[in-house]
Amino acid sequence: SDSLRHSSIPLVMLSHSATQLARSRAAHNMREGNHSWPRQAVQFDFAMTAQEESSTECLLQGTCLPLGAYSVFATLPPLPTLPSSSSNLPSLGVSERESGGRGKGVQGGGVKRGGGRQPVVLVLAKMDAGSLFHGSLGHSGDLSGLLVGLAVVDVLSKWAAIAGPQKRTPHRRLAFGFLAGEDWGYLGSRGLLEKLKEEVLGVHLEDIDVILELGALGLAHTKPSNSSQNISTSTEPRLHPPSPSTSVFLHVERSLQSHADSLSLLRSLRTGAEITGIEFRSASNSTPGVPPSSLTSFLKHFKKNRTGKNGASLGFRSGVLAEYDEQFVNPYVGSALDGVHVGLDFNRMAGLVLATARALAGLAFSRALAGEEPSTEGLDLQLPEVTNKSLSDARLLLVDLAKCMLTEAGGREGEDEEEGELRRRGMRCPLVTSLMTPSAQKASHYTGVMKKLAEDVQDPRDKKDVARFIWNFLANRTAATGESGDEKLCQGKCKRAGEVCVGERAGESGTCLNATVIYTLALSPSLSYSYGQWSVNSSLLEDPLYTESFWNVIGATSFLMESDSRELGVFVAGAVITLVSGLIAYGASFMYSIRVGQRQT
Amino acid sequence: SACVWMLSLMFIALLVRGFMPVKDGSWFYGALILLAVIVQEIVRIMLWRVYIKGVGHLEQIGQRLGCAKLTDVDHMSMALATGMGHGFAHSIFFFLGLVALTLSPATYYVETCSDMSLFLYSALSSSSMLLLHTFGMVVAFDGYSSKKVARQTIPPVTHLAASLLTLVNLVDEGCAYVVPLLAIIAVCMPIYACKIFLERTKESTSDIS
């Protein structure tokens with residue numbers, strides 16, 4: 001990026017053992033004093049191929065690669081499968097479909113219902129972080145949204161139970177977007193936005209009437225709310241909340257005319273949230289609106305294309321859920337210290353997961369339009385229940401996800417420090433290995449570079465571990481429960497349209513499940529790729545374009561060093577000795593031949 | 001000669017392998033040095049026997065072809081070459097491995113020697129031993145051929161003394177004493193060899209046979 005040029009302070013992130021070594025060596029220097037030799041030194045090898053050019057220039061010269069990755073997008077309930085004879089439909093159901101789900105209960109989420117299109121609730125979360133160093137974990141605080149999102153999908157996977165014995169068809173579809181590259185110019189959200197402008201998985205941009213973004217939701221630093229508890233109106237026996245009421249704030253755009261709509265979103269969230277111990281509140285009026293987030297990419301587009309006349313309600317509600325109100329509560333946010341223990345409170349997050357899942361279930365099935373009170377009365381709906389068991393299940397899943405994705409393999413973080421579990425740390429944990437085979441033990445949260453534009457965006461082989469895991473997790477959890485019960489093993493693609501191969505691992509086949517999950521490209525829209533070369537279309541360049549230079553060997557080496565004067569002195573002394581001994585040898589050989597010659601005469 | 005001495009060093013290393021890893025204690029190093037020197041001196045004697053037989057045969061062949069007989073000075077030259085083989089084998093064995101490391105900007109100091117780096121010490125001690133062994137062979141071969149006991153015993157004794165002297169390195173800052181002393185011991189040997197040479201070349205007739 002152009003803005004990171006001209007920084008001349010070398011920065012290296014050291015591992016735990018390397019940090020201790022560096023400290024002991026610095027202490028040695030301090031003990032010996034400032035002017036004593038030999039002393040400990042560090043040499044940095046940072047040779048980068050790209051030489052102080054801008055991103056556009058280095059891409060042209062082929063000395064760098066653009067940052068880019070793949071986001072994961074899924075819908076719940078999944079689109080129904082079609083018989084394999086309909087060969088003109090790709091297996092992902094990208095094109096428009098007839099309403100195929102007549103009265104099929106859970107799978108009845110057809111795109112067209114009686115002529116209109118089905119509205120969609122879009123849930124967004126970041127799946128990687130803008131860490132400065134390749135191997136670092138990224139911010140656990142920021143990635144808490146990812147954990148909450150995945151746990152919510154897990155709770156909602158019991159879709160059939162929610163729909164009730166009458167198998168109600170939902171009014172809205174739920175869509176989940178886990179976005180990559182958000183910290184590098186909102187690559188994921190912009191990429192998804194572009195994809196949604198055409199239709200993807202039966203979802204079009206115009207269908208979306210609710211966007212909820214899960215921001216930083218670790219909740220470890222929030223204070224319990226002082227407000228008195230809402231009186232529950234349910235007839236259920238009052239459960240003891242898992243913790244004092246925790247406030248989670250909904251940040252909404254203030255300049256849009258649909259402010260009232262966004263407040264109704266708050267009401268939807270509050271549905272059934274009381275017993276979880278979570279209090280959804282509106283961010284205070286002193287905040288300017290939505291914090292920088294994936295939502296802003298969508299708001300930018302909607303502001304241009306959906307301005308109603310005279311401030312009429314647009315039927316569009318959006319907001320960012322975050323643990324903070326006017327300022328960040330996590331003092332380590334965005335730093336390498338923002339670790340699992342520091343940023344995440346799993347107890348409270350479990351309550352939040354259930355509250356959000358209940359709200360989303362209500363949004364999916366309720367028929368209320370913006371402005372009206374959402375109501376699930378009259379519907380035989382079973383919102384996901386809040387019991388000690390369901391809370392602890394959610395909590396366990398959150399802990400597992402954090403252990404898998406946010407824990408350094410063999411590091412100090414983690415709830416349970418058991419020696420025997422070291423090998424199953426990181427991405428080799430059972431939760432991950434039951435769904436896919438990771439390529440590395442430690443999950444990388446660096447967005448990564450895009451070497452080339454793949455022909456098949458859905459090929460899992462060039463995707464990062466975290467993306468592949470999320471894809472498989474979503475497919476596994478959102479899959480329609482088996483209709484025929486025959487297990488279809490697969491490797492790669494599934495034959496039936498609407499099915500994907502889930503859980504394929506090294507040496508083990510996956511299963512064809514009826515799930516609607518795809519990868520979408522998270523790449524700057526100004527880039528194009530042809531014949532092995534990236535090129536930039538500067539007219540499309542809105543945000544900074546981030547690239548990473550090629551590099552050879554990078555590292556820092558620490559060693560003991562002599563002073564220059566001493567090294568020179570030793571060298572000169574050695575040269576003198578060599579010269580002198582050469583002269584002596586020459587002289588001796590001269591004397592030898594004289595002596596031998598004398599004897600012979 | 002270099003090959004023979006290299007093999008002797010490897011043989012000694014093999015013998016000692018069974019006692020590795022070394023427990024603390026300079027007595028172990030002393031015993032190791034003693035063993036190594038004894039083995040090498042035995043090899044020196046064996047080398048002399050092989051040398052004198054082999055050279056004797058070659059001389060006979062040469063004489064049949066009409067070459068002149070080998071003089072004692074010729075033997076001293078060959079002894080010098082043999083000694084160089086001895087010295088080089090030691091230098092390679094004890095110092096060559098460090099040379100590649102000297103190309104990097106780093107250095108290394110042993111805990112007990114803060115005056116000079118490991119590399120500097122190795123270079124200095126290695127050059128002293130090179131001198132010692134090169135000219136020690138001249139003295140020894142002359143002693144074997146002239147049957148003078150002093151000349152036969154001085155090389156082994158100085159070899160042992162120099163080697164045991166390096167034990168002082170185990171003491172803090174001992175290396176500061178070891179290096180100059182080693183140099184002094186080492187320089188004595190060429191001086192002695194020179195004296196032998198001058199002696200030999202004073203005599204008008206000299207034959208080794």
# chains A, B, ... in the order shown; residues from 1 in each chain; ligands from 1
>>> closest_atom_pairs(of="chain B", to="chain A", cutoff="9 Å", atoms="only C-alpha atoms", output="JSON lines")
{"residue": "B:Val73", "atom": "CA", "partner": "A:Val596", "partner_atom": "CA", "distance": 8.0}
{"residue": "B:Pro105", "atom": "CA", "partner": "A:Met561", "partner_atom": "CA", "distance": 6.8}
{"residue": "B:Ala106", "atom": "CA", "partner": "A:Met561", "partner_atom": "CA", "distance": 5.1}
{"residue": "B:Thr107", "atom": "CA", "partner": "A:Leu560", "partner_atom": "CA", "distance": 5.4}
{"residue": "B:Tyr108", "atom": "CA", "partner": "A:Leu560", "partner_atom": "CA", "distance": 6.4}
{"residue": "B:Tyr109", "atom": "CA", "partner": "A:Leu560", "partner_atom": "CA", "distance": 8.3}
{"residue": "B:Ser117", "atom": "CA", "partner": "A:Glu562", "partner_atom": "CA", "distance": 9.0}
{"residue": "B:Leu120", "atom": "CA", "partner": "A:Val570", "partner_atom": "CA", "distance": 8.2}
{"residue": "B:Phe197", "atom": "CA", "partner": "A:Tyr592", "partner_atom": "CA", "distance": 8.8}
{"residue": "B:Leu198", "atom": "CA", "partner": "A:Arg595", "partner_atom": "CA", "distance": 8.1}
{"residue": "B:Thr201", "atom": "CA", "partner": "A:Arg599", "partner_atom": "CA", "distance": 6.4}
{"residue": "B:Lys202", "atom": "CA", "partner": "A:Arg599", "partner_atom": "CA", "distance": 7.3}
{"residue": "B:Glu203", "atom": "CA", "partner": "A:Arg599", "partner_atom": "CA", "distance": 8.0}
{"residue": "B:Ser204", "atom": "CA", "partner": "A:Arg599", "partner_atom": "CA", "distance": 6.4}
{"residue": "B:Thr205", "atom": "CA", "partner": "A:Arg599", "partner_atom": "CA", "distance": 8.8}
>>> write_last_selection(atoms="N, CA and C atoms", output="PDB file, in the first residue's frame")
ATOM      1  N   VAL B  73      70.657 -35.149   4.331  1.00  0.00           N
ATOM      2  CA  VAL B  73      69.867 -33.932   4.165  1.00  0.00           C
ATOM      3  C   VAL B  73      68.589 -34.240   3.391  1.00  0.00           C
ATOM      4  N   PRO B 105      29.288 -12.732   9.966  1.00  0.00           N
ATOM      5  CA  PRO B 105      29.672 -11.592  10.796  1.00  0.00           C
ATOM      6  C   PRO B 105      29.730 -11.909  12.284  1.00  0.00           C
ATOM      7  N   ALA B 106      29.340 -13.124  12.656  1.00  0.00           N
ATOM      8  CA  ALA B 106      29.243 -13.420  14.078  1.00  0.00           C
ATOM      9  C   ALA B 106      30.552 -13.958  14.624  1.00  0.00           C
ATOM     10  N   THR B 107      30.667 -13.937  15.927  1.00  0.00           N
ATOM     11  CA  THR B 107      31.819 -14.543  16.588  1.00  0.00           C
ATOM     12  C   THR B 107      31.317 -15.340  17.777  1.00  0.00           C
ATOM     13  N   TYR B 108      32.236 -16.032  18.436  1.00  0.00           N
ATOM     14  CA  TYR B 108      31.813 -16.857  19.561  1.00  0.00           C
ATOM     15  C   TYR B 108      32.915 -16.878  20.611  1.00  0.00           C
ATOM     16  N   TYR B 109      32.500 -16.667  21.815  1.00  0.00           N
ATOM     17  CA  TYR B 109      33.451 -16.691  22.920  1.00  0.00           C
ATOM     18  C   TYR B 109      33.090 -17.818  23.864  1.00  0.00           C
ATOM     19  N   SER B 117      38.287 -14.746  20.947  1.00  0.00           N
ATOM     20  CA  SER B 117      37.182 -15.591  20.506  1.00  0.00           C
ATOM     21  C   SER B 117      37.704 -17.001  20.271  1.00  0.00           C
ATOM     22  N   LEU B 120      39.859 -17.135  17.142  1.00  0.00           N
ATOM     23  CA  LEU B 120      41.219 -16.620  17.255  1.00  0.00           C
ATOM     24  C   LEU B 120      42.094 -17.594  18.011  1.00  0.00           C
ATOM     25  N   PHE B 197      70.219 -29.593  11.574  1.00  0.00           N
ATOM     26  CA  PHE B 197      70.584 -29.410  10.165  1.00  0.00           C
ATOM     27  C   PHE B 197      71.982 -28.832  10.028  1.00  0.00           C
ATOM     28  N   LEU B 198      72.245 -27.824  10.816  1.00  0.00           N
ATOM     29  CA  LEU B 198      73.559 -27.199  10.742  1.00  0.00           C
ATOM     30  C   LEU B 198      74.646 -28.180  11.162  1.00  0.00           C
ATOM     31  N   THR B 201      75.197 -30.730   8.335  1.00  0.00           N
ATOM     32  CA  THR B 201      75.858 -30.209   7.149  1.00  0.00           C
ATOM     33  C   THR B 201      77.282 -29.740   7.437  1.00  0.00           C
ATOM     34  N   LYS B 202      77.670 -29.777   8.724  1.00  0.00           N
ATOM     35  CA  LYS B 202      79.064 -29.461   9.017  1.00  0.00           C
ATOM     36  C   LYS B 202      79.950 -30.627   8.658  1.00  0.00           C
ATOM     37  N   GLU B 203      79.454 -31.834   8.890  1.00  0.00           N
ATOM     38  CA  GLU B 203      80.280 -33.005   8.607  1.00  0.00           C
ATOM     39  C   GLU B 203      80.493 -33.101   7.106  1.00  0.00           C
ATOM     40  N   SER B 204      81.648 -33.459   6.776  1.00  0.00           N
ATOM     41  CA  SER B 204      81.926 -33.522   5.344  1.00  0.00           C
ATOM     42  C   SER B 204      81.409 -34.801   4.735  1.00  0.00           C
ATOM     43  N   THR B 205      81.460 -35.877   5.482  1.00  0.00           N
ATOM     44  CA  THR B 205      80.874 -37.092   4.937  1.00  0.00           C
ATOM     45  C   THR B 205      79.665 -37.468   5.769  1.00  0.00           C
TER      46      THR B 205
END
>>> residues_around(residues="Thr222 in chain A", least_positions_apart="6", cutoff="10 Å", atoms="only C-alpha atoms", output="PDB file with C-alpha atoms, in the first residue's frame")
ATOM      1  CA  THR A 246     -24.782  -7.862  29.745  1.00  0.00           C
ATOM      2  CA  SER A 247     -25.337  -5.053  27.326  1.00  0.00           C
ATOM      3  CA  VAL A 248     -24.695  -5.518  23.670  1.00  0.00           C
ATOM      4  CA  GLU A 323     -19.723  -5.047  22.757  1.00  0.00           C
ATOM      5  CA  TYR A 324     -18.780  -1.386  22.852  1.00  0.00           C
ATOM      6  CA  ASP A 325     -20.867   1.715  22.875  1.00  0.00           C
ATOM      7  CA  PHE A 328     -13.788   0.222  22.638  1.00  0.00           C
ATOM      8  CA  VAL A 329     -13.956  -1.610  25.935  1.00  0.00           C
ATOM      9  CA  ASN A 330     -11.229  -4.115  25.133  1.00  0.00           C
ATOM     10  CA  ASP A 345     -15.940 -14.415  28.027  1.00  0.00           C
ATOM     11  CA  ARG A 348     -21.716 -14.351  28.287  1.00  0.00           C
TER      12      ARG A 348
END
>>> residues_around(residues="range 511-517 of chain A", least_positions_apart="4", cutoff="9 Å", atoms="only C-alpha atoms", output="VMD selection string")
chain A and resid 72 to 81 92 to 93 201 471 to 472 474 to 482 487 to 491 493 to 504
>>> atom_distance(atom1="CA of Thr356 in chain A", atom2="CA of Val148 in chain A")
8.8 Å
>>> atom_distance(atom1="CA of Val121 in chain A", atom2="CA of Leu174 in chain A")
4.8 Å
>>> atom_distance(atom1="CA of Ser563 in chain A", atom2="CA of Gly33 in chain A")
13.8 Å
>>> residues_around(residues="Ala454 in chain A", least_positions_apart="5", cutoff="12 Å", atoms="only C-alpha atoms", output="list of chain:residue names")
A:Gly68, A:Ala69, A:Tyr70, A:Asp459, A:Pro460, A:Arg461, A:Asp462, A:Lys463, A:Tyr519, A:Thr520, A:Leu521, A:Ser528, A:Tyr529, A:Ser530, A:Gly532
>>> closest_residue(among="B:Ser1, B:Ser126, B:Asn169, B:Ser26", to="Glu111 in chain B", atoms="only C-alpha atoms")
B:Asn169
>>> residues_around(residues="Ala81 in chain B", least_positions_apart="6", cutoff="12 Å", atoms="only C-alpha atoms", output="list in words")
Ser1, Ala2, Asp74, His75, Gly87, Phe88, His133, Thr134, Phe135, Gly136, Met137, Val138 and Phe141 of chain B
>>> write_last_selection(atoms="N, CA and C atoms", output="mmCIF file, in the first residue's frame")
data_model
loop_
_atom_site.group_PDB
_atom_site.id
_atom_site.type_symbol
_atom_site.label_atom_id
_atom_site.label_comp_id
_atom_site.auth_asym_id
_atom_site.auth_seq_id
_atom_site.Cartn_x
_atom_site.Cartn_y
_atom_site.Cartn_z
ATOM 1 N N SER B 1 51.499 -39.095 4.525
ATOM 2 C CA SER B 1 51.679 -38.866 5.955
ATOM 3 C C SER B 1 50.435 -38.219 6.550
ATOM 4 N N ALA B 2 49.903 -37.232 5.849
ATOM 5 C CA ALA B 2 48.703 -36.567 6.360
ATOM 6 C C ALA B 2 47.589 -37.580 6.509
ATOM 7 N N ASP B 74 68.719 -35.154 2.402
ATOM 8 C CA ASP B 74 67.498 -35.579 1.692
ATOM 9 C C ASP B 74 66.504 -36.185 2.674
ATOM 10 N N HIS B 75 67.021 -36.992 3.582
ATOM 11 C CA HIS B 75 66.132 -37.608 4.562
ATOM 12 C C HIS B 75 65.497 -36.569 5.461
ATOM 13 N N GLY B 87 51.328 -32.078 10.854
ATOM 14 C CA GLY B 87 50.808 -30.782 11.284
ATOM 15 C C GLY B 87 49.497 -30.438 10.590
ATOM 16 N N PHE B 88 49.471 -30.673 9.281
ATOM 17 C CA PHE B 88 48.245 -30.344 8.544
ATOM 18 C C PHE B 88 47.073 -31.199 8.985
ATOM 19 N N HIS B 133 54.685 -29.939 15.188
ATOM 20 C CA HIS B 133 54.664 -31.264 14.580
ATOM 21 C C HIS B 133 55.538 -31.346 13.346
ATOM 22 N N THR B 134 55.556 -30.269 12.585
ATOM 23 C CA THR B 134 56.350 -30.291 11.359
ATOM 24 C C THR B 134 57.827 -30.541 11.687
ATOM 25 N N PHE B 135 58.334 -29.708 12.583
ATOM 26 C CA PHE B 135 59.758 -29.838 12.873
ATOM 27 C C PHE B 135 60.034 -30.930 13.891
ATOM 28 N N GLY B 136 59.018 -31.323 14.627
ATOM 29 C CA GLY B 136 59.210 -32.438 15.541
ATOM 30 C C GLY B 136 59.533 -33.709 14.781
ATOM 31 N N MET B 137 58.922 -33.868 13.619
ATOM 32 C CA MET B 137 59.198 -35.060 12.837
ATOM 33 C C MET B 137 60.652 -35.063 12.351
ATOM 34 N N VAL B 138 61.167 -33.896 12.000
ATOM 35 C CA VAL B 138 62.566 -33.803 11.564
ATOM 36 C C VAL B 138 63.482 -34.291 12.696
ATOM 37 N N PHE B 141 62.921 -38.219 13.318
ATOM 38 C CA PHE B 141 63.503 -39.103 12.313
ATOM 39 C C PHE B 141 65.021 -39.088 12.411
#
